[in-house]
Each structure stands twice: as C-alpha cells, then as structure tokens.
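**Q** File follows, target-v7.tsv with TSV, C-alpha atoms:
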chain	number	residue	atom	x	y	z
Y	1	MET	CA	0.00	0.00	0.00
Y	2	SER	CA	1.51	3.32	-1.03
Y	3	PHE	CA	1.19	6.61	0.82
Y	4	THR	CA	1.45	10.09	-0.65
Y	5	ILE	CA	2.49	12.83	1.74
Y	6	PRO	CA	-0.08	15.64	1.39
Y	7	THR	CA	1.12	19.16	0.63
Y	8	LEU	CA	-0.12	21.54	3.31
Y	9	GLN	CA	-1.06	25.16	2.83
Y	10	ASP	CA	0.34	27.89	5.04
Y	11	ILE	CA	-2.61	29.09	7.14
Y	12	ALA	CA	-0.95	32.18	8.63
Y	13	GLN	CA	-3.69	34.40	7.05
Y	14	PRO	CA	-2.54	37.86	8.24
Y	15	VAL	CA	-5.90	39.52	7.58
Y	16	LEU	CA	-7.84	36.95	9.62
Y	17	ALA	CA	-5.17	36.97	12.34
Y	18	ALA	CA	-5.46	40.76	12.64
Y	19	ARG	CA	-9.25	40.54	12.77
Y	20	LEU	CA	-9.14	37.86	15.50
Y	21	GLN	CA	-6.69	39.95	17.52
Y	22	HIS	CA	-8.93	43.00	17.14
Y	23	LEU	CA	-11.93	41.00	18.36
Y	24	LEU	CA	-9.99	39.72	21.38
Y	25	ASP	CA	-8.60	43.16	22.21
Y	26	ASN	CA	-12.11	44.64	22.19
Y	27	LYS	CA	-13.73	42.16	24.55
Y	28	THR	CA	-14.87	43.55	27.91
Y	29	LYS	CA	-11.59	42.96	29.73
Y	30	PRO	CA	-8.20	44.60	30.21
Y	31	LEU	CA	-5.98	44.13	27.18
Y	32	GLY	CA	-4.37	40.67	27.15
Y	33	SER	CA	-5.86	39.73	30.51
Y	34	LEU	CA	-6.92	36.24	29.39
Y	35	GLY	CA	-3.28	35.45	28.75
Y	36	ARG	CA	-2.55	32.37	26.65
Y	37	ILE	CA	-6.22	31.57	26.22
Y	38	GLU	CA	-6.29	34.51	23.79
Y	39	ALA	CA	-3.44	33.01	21.76
Y	40	LEU	CA	-5.26	29.67	21.83
Y	41	ALA	CA	-8.45	31.28	20.55
Y	42	GLN	CA	-6.56	32.91	17.71
Y	43	ARG	CA	-4.85	29.64	16.77
Y	44	ILE	CA	-8.14	27.74	16.62
Y	45	GLY	CA	-9.70	30.56	14.60
Y	46	LEU	CA	-6.86	30.38	12.08
Y	47	VAL	CA	-7.04	26.58	11.78
Y	48	LEU	CA	-10.79	26.64	11.22
Y	49	GLY	CA	-10.66	29.85	9.17
Y	50	SER	CA	-13.33	31.56	11.26
Y	51	GLU	CA	-13.81	34.64	13.45
Y	52	SER	CA	-16.30	32.64	15.51
Y	53	PRO	CA	-14.83	29.11	15.60
Y	54	GLU	CA	-16.84	26.22	16.91
Y	55	LEU	CA	-15.36	22.82	17.72
Y	56	LYS	CA	-17.66	20.04	16.54
Y	57	ASP	CA	-17.70	16.29	17.21
Y	58	PRO	CA	-14.21	16.03	18.76
Y	59	GLN	CA	-12.61	12.62	18.21
Y	60	LEU	CA	-10.00	11.10	20.51
Y	61	VAL	CA	-8.16	8.21	18.88
Y	62	VAL	CA	-5.99	5.79	20.84
Y	63	PHE	CA	-3.48	4.16	18.49
Y	64	ALA	CA	-2.25	0.82	19.86
Y	65	GLY	CA	0.64	-1.41	18.83
Y	66	ASP	CA	3.29	-3.75	20.20
Y	67	HIS	CA	7.07	-3.43	19.90
Y	68	GLY	CA	9.56	-6.22	19.31
Y	69	LEU	CA	12.19	-4.31	21.27
Y	70	ALA	CA	10.06	-4.71	24.41
Y	71	ALA	CA	11.47	-8.23	24.77
Y	72	ARG	CA	14.83	-6.60	25.61
Y	73	GLY	CA	13.47	-5.31	28.91
Y	74	VAL	CA	13.08	-1.64	27.96
Y	75	SER	CA	9.77	-1.43	29.82
Y	76	ALA	CA	8.70	-2.17	33.38
Y	77	TYR	CA	5.62	-3.97	32.02
Y	78	PRO	CA	5.26	-7.03	29.76
Y	79	SER	CA	3.89	-6.67	26.22
Y	80	ASP	CA	0.61	-8.34	27.21
Y	81	VAL	CA	-0.34	-5.10	28.97
Y	82	THR	CA	-0.88	-3.49	25.53
Y	83	TRP	CA	-3.82	-5.73	24.61
Y	84	GLN	CA	-5.11	-5.80	28.18
Y	85	MET	CA	-5.26	-2.00	28.23
Y	86	VAL	CA	-7.02	-1.96	24.85
Y	87	GLU	CA	-9.70	-4.12	26.46
Y	88	ASN	CA	-9.83	-1.68	29.36
Y	89	PHE	CA	-10.30	1.27	26.96
Y	90	LEU	CA	-13.12	-0.53	25.20
Y	91	ALA	CA	-14.77	-1.49	28.51
Y	92	GLY	CA	-14.73	2.17	29.56
Y	93	GLY	CA	-12.45	1.70	32.56
Y	94	ALA	CA	-9.27	3.56	31.61
Y	95	ALA	CA	-8.47	7.17	32.51
Y	96	VAL	CA	-8.96	8.30	28.93
Y	97	SER	CA	-12.32	6.50	28.79
Y	98	VAL	CA	-13.50	8.39	31.87
Y	99	LEU	CA	-12.27	11.74	30.55
Y	100	ALA	CA	-13.75	11.23	27.09
Y	101	ARG	CA	-17.13	10.46	28.66
Y	102	GLN	CA	-16.88	13.46	30.96
Y	103	HIS	CA	-16.21	15.90	28.12
Y	104	GLY	CA	-18.38	14.36	25.41
Y	105	ILE	CA	-15.46	13.36	23.19
Y	106	GLY	CA	-15.82	10.46	20.77
Y	107	LEU	CA	-13.36	7.67	21.60
Y	108	THR	CA	-11.96	5.22	19.04
Y	109	VAL	CA	-9.31	2.59	19.71
Y	110	VAL	CA	-7.26	1.44	16.73
Y	111	ASP	CA	-5.40	-1.87	16.64
Y	112	CYS	CA	-2.44	-0.78	14.53
Y	113	GLY	CA	-0.34	-3.83	15.33
Y	114	VAL	CA	-1.18	-5.43	18.67
Y	115	ARG	CA	-0.03	-8.99	19.29
Y	116	HIS	CA	-3.59	-10.10	20.04
Y	117	ASP	CA	-6.84	-10.66	18.15
Y	118	PHE	CA	-9.79	-8.64	19.45
Y	119	ALA	CA	-13.44	-9.51	19.14
Y	120	PRO	CA	-15.26	-6.95	16.96
Y	121	ARG	CA	-17.18	-4.31	18.88
Y	122	ALA	CA	-18.21	-0.68	18.84
Y	123	GLY	CA	-15.34	1.75	19.29
Y	124	LEU	CA	-12.69	-0.60	17.90
Y	125	VAL	CA	-11.10	-0.21	14.47
Y	126	VAL	CA	-8.68	-2.89	13.28
Y	127	HIS	CA	-5.86	-1.65	11.04
Y	128	LYS	CA	-3.37	-4.33	12.05
Y	129	VAL	CA	-0.29	-4.18	9.82
Y	130	ALA	CA	1.33	-7.11	11.67
Y	131	PRO	CA	1.21	-8.53	15.21
Y	132	GLY	CA	3.82	-6.15	16.59
Y	133	THR	CA	6.96	-4.67	15.06
Y	134	ALA	CA	10.20	-6.61	14.74
Y	135	ASP	CA	13.07	-6.25	17.22
Y	136	SER	CA	14.88	-3.12	16.06
Y	137	LEU	CA	18.12	-4.42	17.58
Y	138	GLU	CA	18.09	-7.16	14.93
Y	139	GLY	CA	16.84	-5.17	11.92
Y	140	GLN	CA	14.28	-2.55	10.97
Y	141	ALA	CA	11.24	-2.44	13.22
Y	142	MET	CA	9.10	-2.44	10.08
Y	143	SER	CA	9.66	-2.66	6.36
Y	144	ALA	CA	9.08	0.33	4.12
Y	145	ALA	CA	5.92	-1.38	2.85
Y	146	GLN	CA	4.62	-1.92	6.39
Y	147	ARG	CA	5.41	1.69	7.31
Y	148	ASP	CA	3.55	2.99	4.26
Y	149	ALA	CA	0.59	0.74	5.02
Y	150	ALA	CA	0.42	2.16	8.55
Y	151	LEU	CA	0.63	5.74	7.24
Y	152	ALA	CA	-2.18	5.05	4.75
Y	153	ASN	CA	-4.28	3.43	7.50
Y	154	GLY	CA	-3.97	6.57	9.60
Y	155	ALA	CA	-5.07	8.80	6.75
Y	156	ALA	CA	-8.04	6.53	5.94
Y	157	LEU	CA	-9.08	6.48	9.58
Y	158	VAL	CA	-9.26	10.28	9.80
Y	159	LYS	CA	-11.19	10.53	6.52
Y	160	ALA	CA	-13.87	8.33	8.10
Y	161	LEU	CA	-14.17	10.29	11.34
Y	162	PRO	CA	-16.62	13.16	11.85
Y	163	GLY	CA	-15.80	16.50	13.41
Y	164	ASN	CA	-13.13	19.15	13.09
Y	165	ALA	CA	-10.85	18.22	16.02
Y	166	LEU	CA	-8.57	15.20	16.47
Y	167	LEU	CA	-7.13	14.36	19.90
Y	168	LEU	CA	-4.16	12.00	19.84
Y	169	GLY	CA	-3.68	9.07	22.22
Y	170	GLU	CA	-1.62	5.88	22.15
Y	171	MET	CA	-0.89	2.59	23.88
Y	172	GLY	CA	2.09	0.34	23.30
Y	173	ILE	CA	4.51	-1.23	25.76
Y	174	GLY	CA	7.97	-0.16	24.60
Y	175	ASN	CA	6.86	2.90	22.67
Y	176	THR	CA	8.80	5.40	24.80
Y	177	SER	CA	11.91	3.71	23.41
Y	178	ALA	CA	10.78	4.31	19.84
Y	179	ALA	CA	9.89	7.93	20.65
Y	180	SER	CA	13.25	8.53	22.36
Y	181	MET	CA	15.14	7.23	19.34
Y	182	LEU	CA	13.05	9.28	16.91
Y	183	LEU	CA	13.75	12.39	18.95
Y	184	ALA	CA	17.47	11.66	19.24
Y	185	ARG	CA	17.83	10.99	15.53
Y	186	LEU	CA	15.61	13.74	14.09
Y	187	ALA	CA	16.65	16.44	16.57
Y	188	GLY	CA	20.32	15.45	16.74
Y	189	LEU	CA	20.28	14.92	20.49
Y	190	SER	CA	21.95	12.42	22.81
Y	191	VAL	CA	19.69	9.43	23.39
Y	192	ALA	CA	20.65	9.55	27.08
Y	193	ASP	CA	19.06	12.99	27.31
Y	194	CYS	CA	15.95	11.77	25.46
Y	195	THR	CA	15.31	8.63	27.53
Y	196	GLY	CA	13.35	8.37	30.74
Y	197	ALA	CA	11.64	5.85	32.98
Y	198	GLY	CA	8.70	5.14	30.66
Y	199	THR	CA	6.21	3.04	32.58
Y	200	GLY	CA	8.32	3.17	35.74
Y	201	LEU	CA	11.84	1.78	35.34
Y	202	ASP	CA	14.26	2.36	38.21
Y	203	ALA	CA	17.52	4.25	37.66
Y	204	GLU	CA	19.55	1.12	36.91
Y	205	ALA	CA	17.00	-0.13	34.41
Y	206	VAL	CA	16.92	3.28	32.69
Y	207	GLN	CA	20.68	3.02	32.15
Y	208	ARG	CA	20.23	-0.46	30.64
Y	209	LYS	CA	17.51	0.95	28.40
Y	210	ILE	CA	19.80	3.77	27.24
Y	211	GLY	CA	22.51	1.23	26.42
Y	212	ILE	CA	20.09	-0.79	24.28
Y	213	LEU	CA	18.81	2.29	22.47
Y	214	ARG	CA	22.39	3.36	21.70
Y	215	GLN	CA	22.96	-0.03	20.05
Y	216	VAL	CA	19.78	0.32	17.99
Y	217	LEU	CA	20.74	3.81	16.85
Y	218	ALA	CA	24.22	2.58	15.87
Y	219	LEU	CA	22.74	-0.33	13.93
Y	220	HIS	CA	20.52	2.07	11.96
Y	221	ALA	CA	23.03	4.89	11.62
Y	222	GLU	CA	22.00	5.47	8.00
Y	223	ALA	CA	18.32	6.05	8.87
Y	224	ARG	CA	18.42	9.87	8.84
Y	225	ASP	CA	15.33	10.69	6.79
Y	226	PRO	CA	12.18	10.91	8.97
Y	227	LEU	CA	10.46	8.06	7.14
Y	228	ASP	CA	13.58	5.89	7.25
Y	229	ALA	CA	13.90	6.58	10.98
Y	230	LEU	CA	10.24	5.71	11.47
Y	231	ALA	CA	10.73	2.35	9.74
Y	232	ALA	CA	13.92	1.65	11.67
Y	233	PHE	CA	12.60	2.37	15.16
Y	234	GLY	CA	8.81	1.87	14.94
Y	235	GLY	CA	6.17	1.48	15.94
Y	236	PHE	CA	3.01	0.70	14.03
Y	237	GLU	CA	0.94	2.92	16.33
Y	238	ILE	CA	3.32	5.85	15.83
Y	239	ALA	CA	3.37	5.41	12.05
Y	240	THR	CA	-0.42	5.19	11.91
Y	241	MET	CA	-0.59	8.33	14.04
Y	242	VAL	CA	1.77	10.14	11.62
Y	243	GLY	CA	-0.60	9.34	8.74
Y	244	ALA	CA	-3.56	10.52	10.81
Y	245	VAL	CA	-1.81	13.78	11.73
Y	246	LEU	CA	-0.94	14.53	8.09
Y	247	GLN	CA	-4.52	13.84	6.97
Y	248	ALA	CA	-6.05	15.87	9.81
Y	249	ALA	CA	-3.70	18.74	8.96
Y	250	ALA	CA	-4.71	18.55	5.29
Y	251	GLU	CA	-8.38	18.74	6.34
Y	252	ARG	CA	-7.62	21.66	8.69
Y	253	ARG	CA	-8.80	19.89	11.78
Y	254	VAL	CA	-7.52	21.14	15.12
Y	255	ILE	CA	-4.97	18.55	16.31
Y	256	VAL	CA	-4.65	18.21	20.09
Y	257	VAL	CA	-1.33	16.55	20.90
Y	258	ASP	CA	-0.99	14.51	24.08
Y	259	GLY	CA	2.40	13.64	25.55
Y	260	PHE	CA	5.78	12.22	24.53
Y	261	ILE	CA	4.67	9.47	22.15
Y	262	ALA	CA	2.03	11.57	20.39
Y	263	SER	CA	4.58	14.38	20.07
Y	264	SER	CA	7.03	11.98	18.43
Y	265	ALA	CA	4.46	11.29	15.72
Y	266	VAL	CA	3.98	15.04	15.25
Y	267	LEU	CA	7.78	15.43	15.12
Y	268	VAL	CA	7.93	13.02	12.18
Y	269	ALA	CA	4.94	14.63	10.46
Y	270	ALA	CA	6.28	18.17	10.98
Y	271	THR	CA	9.72	17.19	9.68
Y	272	LEU	CA	7.94	16.08	6.50
Y	273	GLN	CA	5.52	19.03	6.39
Y	274	PRO	CA	6.38	21.91	8.77
Y	275	ALA	CA	2.92	23.50	8.36
Y	276	VAL	CA	1.56	20.62	10.46
Y	277	LEU	CA	2.52	22.63	13.55
Y	278	GLN	CA	0.15	25.44	12.60
Y	279	ARG	CA	-2.75	23.04	13.17
Y	280	CYS	CA	-1.50	21.66	16.50
Y	281	VAL	CA	-2.31	22.52	20.10
Y	282	PHE	CA	0.08	20.83	22.53
Y	283	ALA	CA	-1.93	19.76	25.55
Y	284	HIS	CA	0.73	19.36	28.23
Y	285	ARG	CA	4.37	18.89	29.13
Y	286	SER	CA	4.82	15.27	30.11
Y	287	GLY	CA	6.84	14.06	33.07
Y	288	GLU	CA	8.71	11.78	30.64
Y	289	ARG	CA	12.27	13.07	30.41
Y	290	GLY	CA	12.49	13.62	26.66
Y	291	HIS	CA	9.26	15.54	26.27
Y	292	ALA	CA	10.60	18.94	27.33
Y	293	LEU	CA	13.37	18.52	24.74
Y	294	MET	CA	10.81	17.49	22.13
Y	295	LEU	CA	8.69	20.59	22.77
Y	296	ALA	CA	11.77	22.83	22.73
Y	297	HIS	CA	12.90	21.35	19.41
Y	298	LEU	CA	9.45	21.96	17.91
Y	299	LYS	CA	9.45	25.48	19.44
Y	300	VAL	CA	5.98	25.01	20.97
Y	301	GLU	CA	4.49	25.78	24.38
Y	302	PRO	CA	2.06	23.31	25.98
Y	303	LEU	CA	-1.12	24.39	27.75
Y	304	LEU	CA	-0.61	22.39	30.95
Y	305	ASP	CA	2.29	21.17	33.08
Y	306	LEU	CA	0.89	18.72	35.61
Y	307	GLY	CA	3.57	16.04	35.72
Y	308	LEU	CA	1.39	13.66	33.69
Y	309	ARG	CA	3.04	10.65	32.04
Y	310	LEU	CA	0.17	8.24	31.54
Y	311	GLY	CA	-0.32	8.55	27.79
Y	312	GLU	CA	-3.57	7.21	26.30
Y	313	GLY	CA	-4.56	10.76	25.29
Y	314	SER	CA	-5.36	11.56	28.92
Y	315	GLY	CA	-3.56	14.92	28.83
Y	316	ALA	CA	-5.26	15.88	25.57
Y	317	ALA	CA	-8.66	15.13	27.11
Y	318	MET	CA	-7.81	17.16	30.23
Y	319	ALA	CA	-6.81	20.16	28.13
Y	320	TRP	CA	-9.88	19.94	25.89
Y	321	PRO	CA	-12.13	22.25	28.01
Y	322	LEU	CA	-9.58	25.04	27.53
Y	323	LEU	CA	-10.07	24.86	23.76
Y	324	VAL	CA	-13.84	24.93	24.20
Y	325	SER	CA	-13.53	27.96	26.48
Y	326	ALA	CA	-11.25	29.79	24.05
Y	327	CYS	CA	-13.80	29.41	21.27
Y	328	ALA	CA	-16.67	30.48	23.54
Y	329	ILE	CA	-14.77	33.66	24.44
Y	330	LEU	CA	-14.47	34.58	20.77
Y	331	ARG	CA	-18.08	33.77	19.95
Y	332	GLU	CA	-19.97	34.92	23.03
Y	333	MET	CA	-18.04	37.47	25.08
Y	334	ALA	CA	-19.32	41.02	24.62
Y	335	SER	CA	-17.28	43.84	23.17
Y	336	PHE	CA	-16.97	47.20	24.93
Y	337	GLU	CA	-19.31	48.70	22.32
Y	338	SER	CA	-22.01	46.03	22.50
Y	339	ALA	CA	-22.02	46.01	26.32
Y	340	GLY	CA	-21.87	49.79	26.70
Y	341	VAL	CA	-18.79	49.51	28.89
Y	342	SER	CA	-16.19	52.29	28.92
Y	343	ARG	CA	-12.64	51.42	28.05
Y	344	GLN	CA	-9.83	52.17	30.47
Y	345	ASP	CA	-8.61	55.02	28.26
Y	346	GLU	CA	-12.15	56.43	28.08
Y	347	ALA	CA	-12.56	56.80	31.85
Y	348	PRO	CA	-13.90	60.20	32.93
Y	349	VAL	CA	-11.27	62.51	34.37
Y	350	VAL	CA	-11.62	64.99	37.29
Y	351	GLY	CA	-8.67	67.34	37.36
Y	352	SER	CA	-5.67	65.22	36.40
Y	353	ALA	CA	-6.71	61.96	38.03
Y	354	PRO	CA	-8.92	59.34	36.32
Y	355	VAL	CA	-11.96	58.25	38.31
Go ahead and express the file in the form of structure tokens.

**A**
Amino acid sequence: MSFTIPTLQDIAQPVLAARLQHLLDNKTKPLGSLGRIEALAQRIGLVLGSESPELKDPQLVVFAGDHGLAARGVSAYPSDVTWQMVENFLAGGAAVSVLARQHGIGLTVVDCGVRHDFAPRAGLVVHKVAPGTADSLEGQAMSAAQRDAALANGAALVKALPGNALLLGEMGIGNTSAASMLLARLAGLSVADCTGAGTGLDAEAVQRKIGILRQVLALHAEARDPLDALAAFGGFEIATMVGAVLQAAAERRVIVVDGFIASSAVLVAATLQPAVLQRCVFAHRSGERGHALMLAHLKVEPLLDLGLRLGEGSGAAMAWPLLVSACAILREMASFESAGVSRQDEAPVVGSAPV
C-alpha cells in the first residue's frame, strides 16, 4: 500500500489573524488579561478559518501497537499489557475512557499492530499491519511497505471520522523507546538525554535501556530521513498516528497533541511538512524526560504542566475544556461597544486623576 504525503497550505492568514486579535482586544476585559487563552483562541480561529470558531464532534483516537524491542526489557511492564489495556479502553475503565465520557469526546481505539486478536465491537477499528513490530536491535522495526501501510491506515481512519478536532492518544509497551530514538535521531540529540523511565523503570533499568537504544541507533546509523527513521525504530501505532496527523492537517482539523509518544508522531509529520505545527495545540508537558526537549525542538508551548506521564490521550482530554472555552470567548463574550462599557482610556477625568 503506497502513501502520498499531502502538501499543506500555510494558514498564517494575516488579515484573519489581525481581525481575530482585534476582536480579542475589544472584549470587555483589560488588554491581554486572558493570557494564553487569547493566543489559543486565535490559533483555533486560524485553523478553522473563522472569526467565531466552533469545535464540533471532537474525536480522541488511541493508536495501539506492540514493539519487538520490548522483549529486551526496555519497559517495566510485559507486552501483554498493551492488549489488556485496549480491552480496558473498550470497557470504559481507563483514565482516557473516563475523561472522554466526561467531556463528550468520541473515543476510538485502533489496533495498529497489537499482538492479540480482538473480538469486533463498537469503538474498535482494526488496522493491524502485523502482530507487533520486529526487534529493532536485529533489523528494521518495520519494512518500508509496512510503514507505508500504517501511514495510509492513519489517513483513511481520519477521513472516516466526523468532526473538526482530532485528539491523539496511544498505547504500546515499549513505545517510549521508539519515541526517544526518533527524537534523538531527528533532533540530533543524545539518546541519554531523550530517555526516561517510561512506565516506571528504576535508575539502573533506565541506564540499561539507554545502552540498548544506543545499540539500535548505531545499527541504523544510516536512517536519517524521517520516514527511514520511522521504519527503523517503529512502531506501528506511531506510524499510523503520523498518517492521521498529516490527513487531519490537510483537512484543517484542530490537532490536540498529548504527551511524549504523540509528540514523536507530530515530530515526524512536521519534519515532513512543517505547516503541520500550525494546526496543533500541545496539551501538556509530560513528566517523561524527553518531552521537554521534544517541545523545545518543535518550538511550541504546551497548555498544561501537571507532571502527567500516563499517555492514552489523557492529557489531551484534560486540556480539551480550555479549547472549548477559548472558542466560547471569541463567539460569546461582549465587546466594549455592545455592552456599553467604557474602556480604560475612556474613563472620565476629574482634574488630572482618572476616576
């Protein structure tokens, strides 16, 4: 299955940006007093091309896949936890399930390459490329054909989803290793700086993990292109997410990025098409060590910093109400003129002192 990388338009739109800023500046409040919510409102307005943006039918997608490298002990949990957590998502018991229900967000779980066969049911989409990636310490995690199939699956998934906002989530034991290697390779950083505890490794185990990742990076030293790096390090869930991000960006959906793993997919997508970042809202700064470096490399500022490192899309779901509020401010908050409220610089003056 082939995949064509979409060409994205620049959505800077200076005229609309100026109009949005004018609207925000003329709301009944001191200038700039809603802080970064004002910048968020402008970003959403630019993505949706509207002075009164409205977020409709938000869709949170959890991309799931297994990693061959997990057998090397790079995670505190066994690979079986991937499929067990998929079952938990579908049963409504995971953190992201609770948050999606709370905020009225559609939740879809995608089997991108889990080493388990799931019974068909509502909320599950099967786009299994293979039952887990190969061990990247022995060869490429996936072939070029498998990578392209995963990318195409992600694009097809988004085309079938309603709404104008995509929230990214993931599940895959071992996927912090893949994300750390993608960051190290594509940002030119030391893998030791990019690697953290993942699901809860102790300090000694983190050092073992770093040693393994160094070996993998050395084995695939020629994989410098973002798509080559993606094939070399995996995983199927990250590759499927890259395809979904590119398609959502092409459709000008608002993309709400969760933590370290989701950001690694955006890193790949943005390296291919930098205008992807114009469509993204980064939900939070993860407690995973490499995420701060990832955000700095992308030159983006997250909305929240709560020490989260769960994944699943939980941080994206927690940040979602801020996006809703930002749009409501643009659409519903009165202007000084419409409310008959005097501006600060229009205050009556007695003598030389404003009253």

**Q** Identify the residues around (-8.4, 14.1, 3.3) within a radius of 9 Å, measuring from only C-alpha atoms in the coordinates stated by the file, and give them as number ranges by chain.

**A** Y: 6, 155-156, 158-159, 246-251

**Q** Report, in Å to a single decimal, how far apart atom CA of Ala64 of chain Y and atom CA of Gln146 of chain Y are.

**A** 15.4 Å

**Q** Write out as a tab-separated table the residues of segment 8-100 of chain Y that have any atom within 8 Å of an atom of segment 226-235 of chain Y, one row each with the nearest atom pair and its distance in Å to one decimal, counting all atoms listed in the file, sorted by chain and then rising number.

**A**
residue	atom	partner	partner_atom	distance
Y:Gly65	CA	Y:Gly235	CA	6.9
Y:Asp66	CA	Y:Gly235	CA	7.3
Y:His67	CA	Y:Gly235	CA	6.4

**Q** Could you give me the axis-aligned bounding box of segment 204-219 of chain Y, with 5 Å of padding per side, as centre plus edge lengths in Å to one decimal, as JSON?

**A**
{"center_x": 20.6, "center_y": 1.5, "center_z": 25.4, "size_x": 17.3, "size_y": 14.6, "size_z": 33.0}

**Q** Using all atoms listed in the file, find each residue in segment 197-233 of chain Y having at least one atom no more than 10 Å away from segment 77-81 of chain Y; report its shortest atom-to-atom pair and that distance in Å (one decimal), rows by chain then rising number, as JSON lines.

**A**
{"residue": "Y:Gly198", "atom": "CA", "partner": "Y:Tyr77", "partner_atom": "CA", "distance": 9.7}
{"residue": "Y:Thr199", "atom": "CA", "partner": "Y:Tyr77", "partner_atom": "CA", "distance": 7.1}
{"residue": "Y:Gly200", "atom": "CA", "partner": "Y:Tyr77", "partner_atom": "CA", "distance": 8.5}
{"residue": "Y:Leu201", "atom": "CA", "partner": "Y:Tyr77", "partner_atom": "CA", "distance": 9.1}
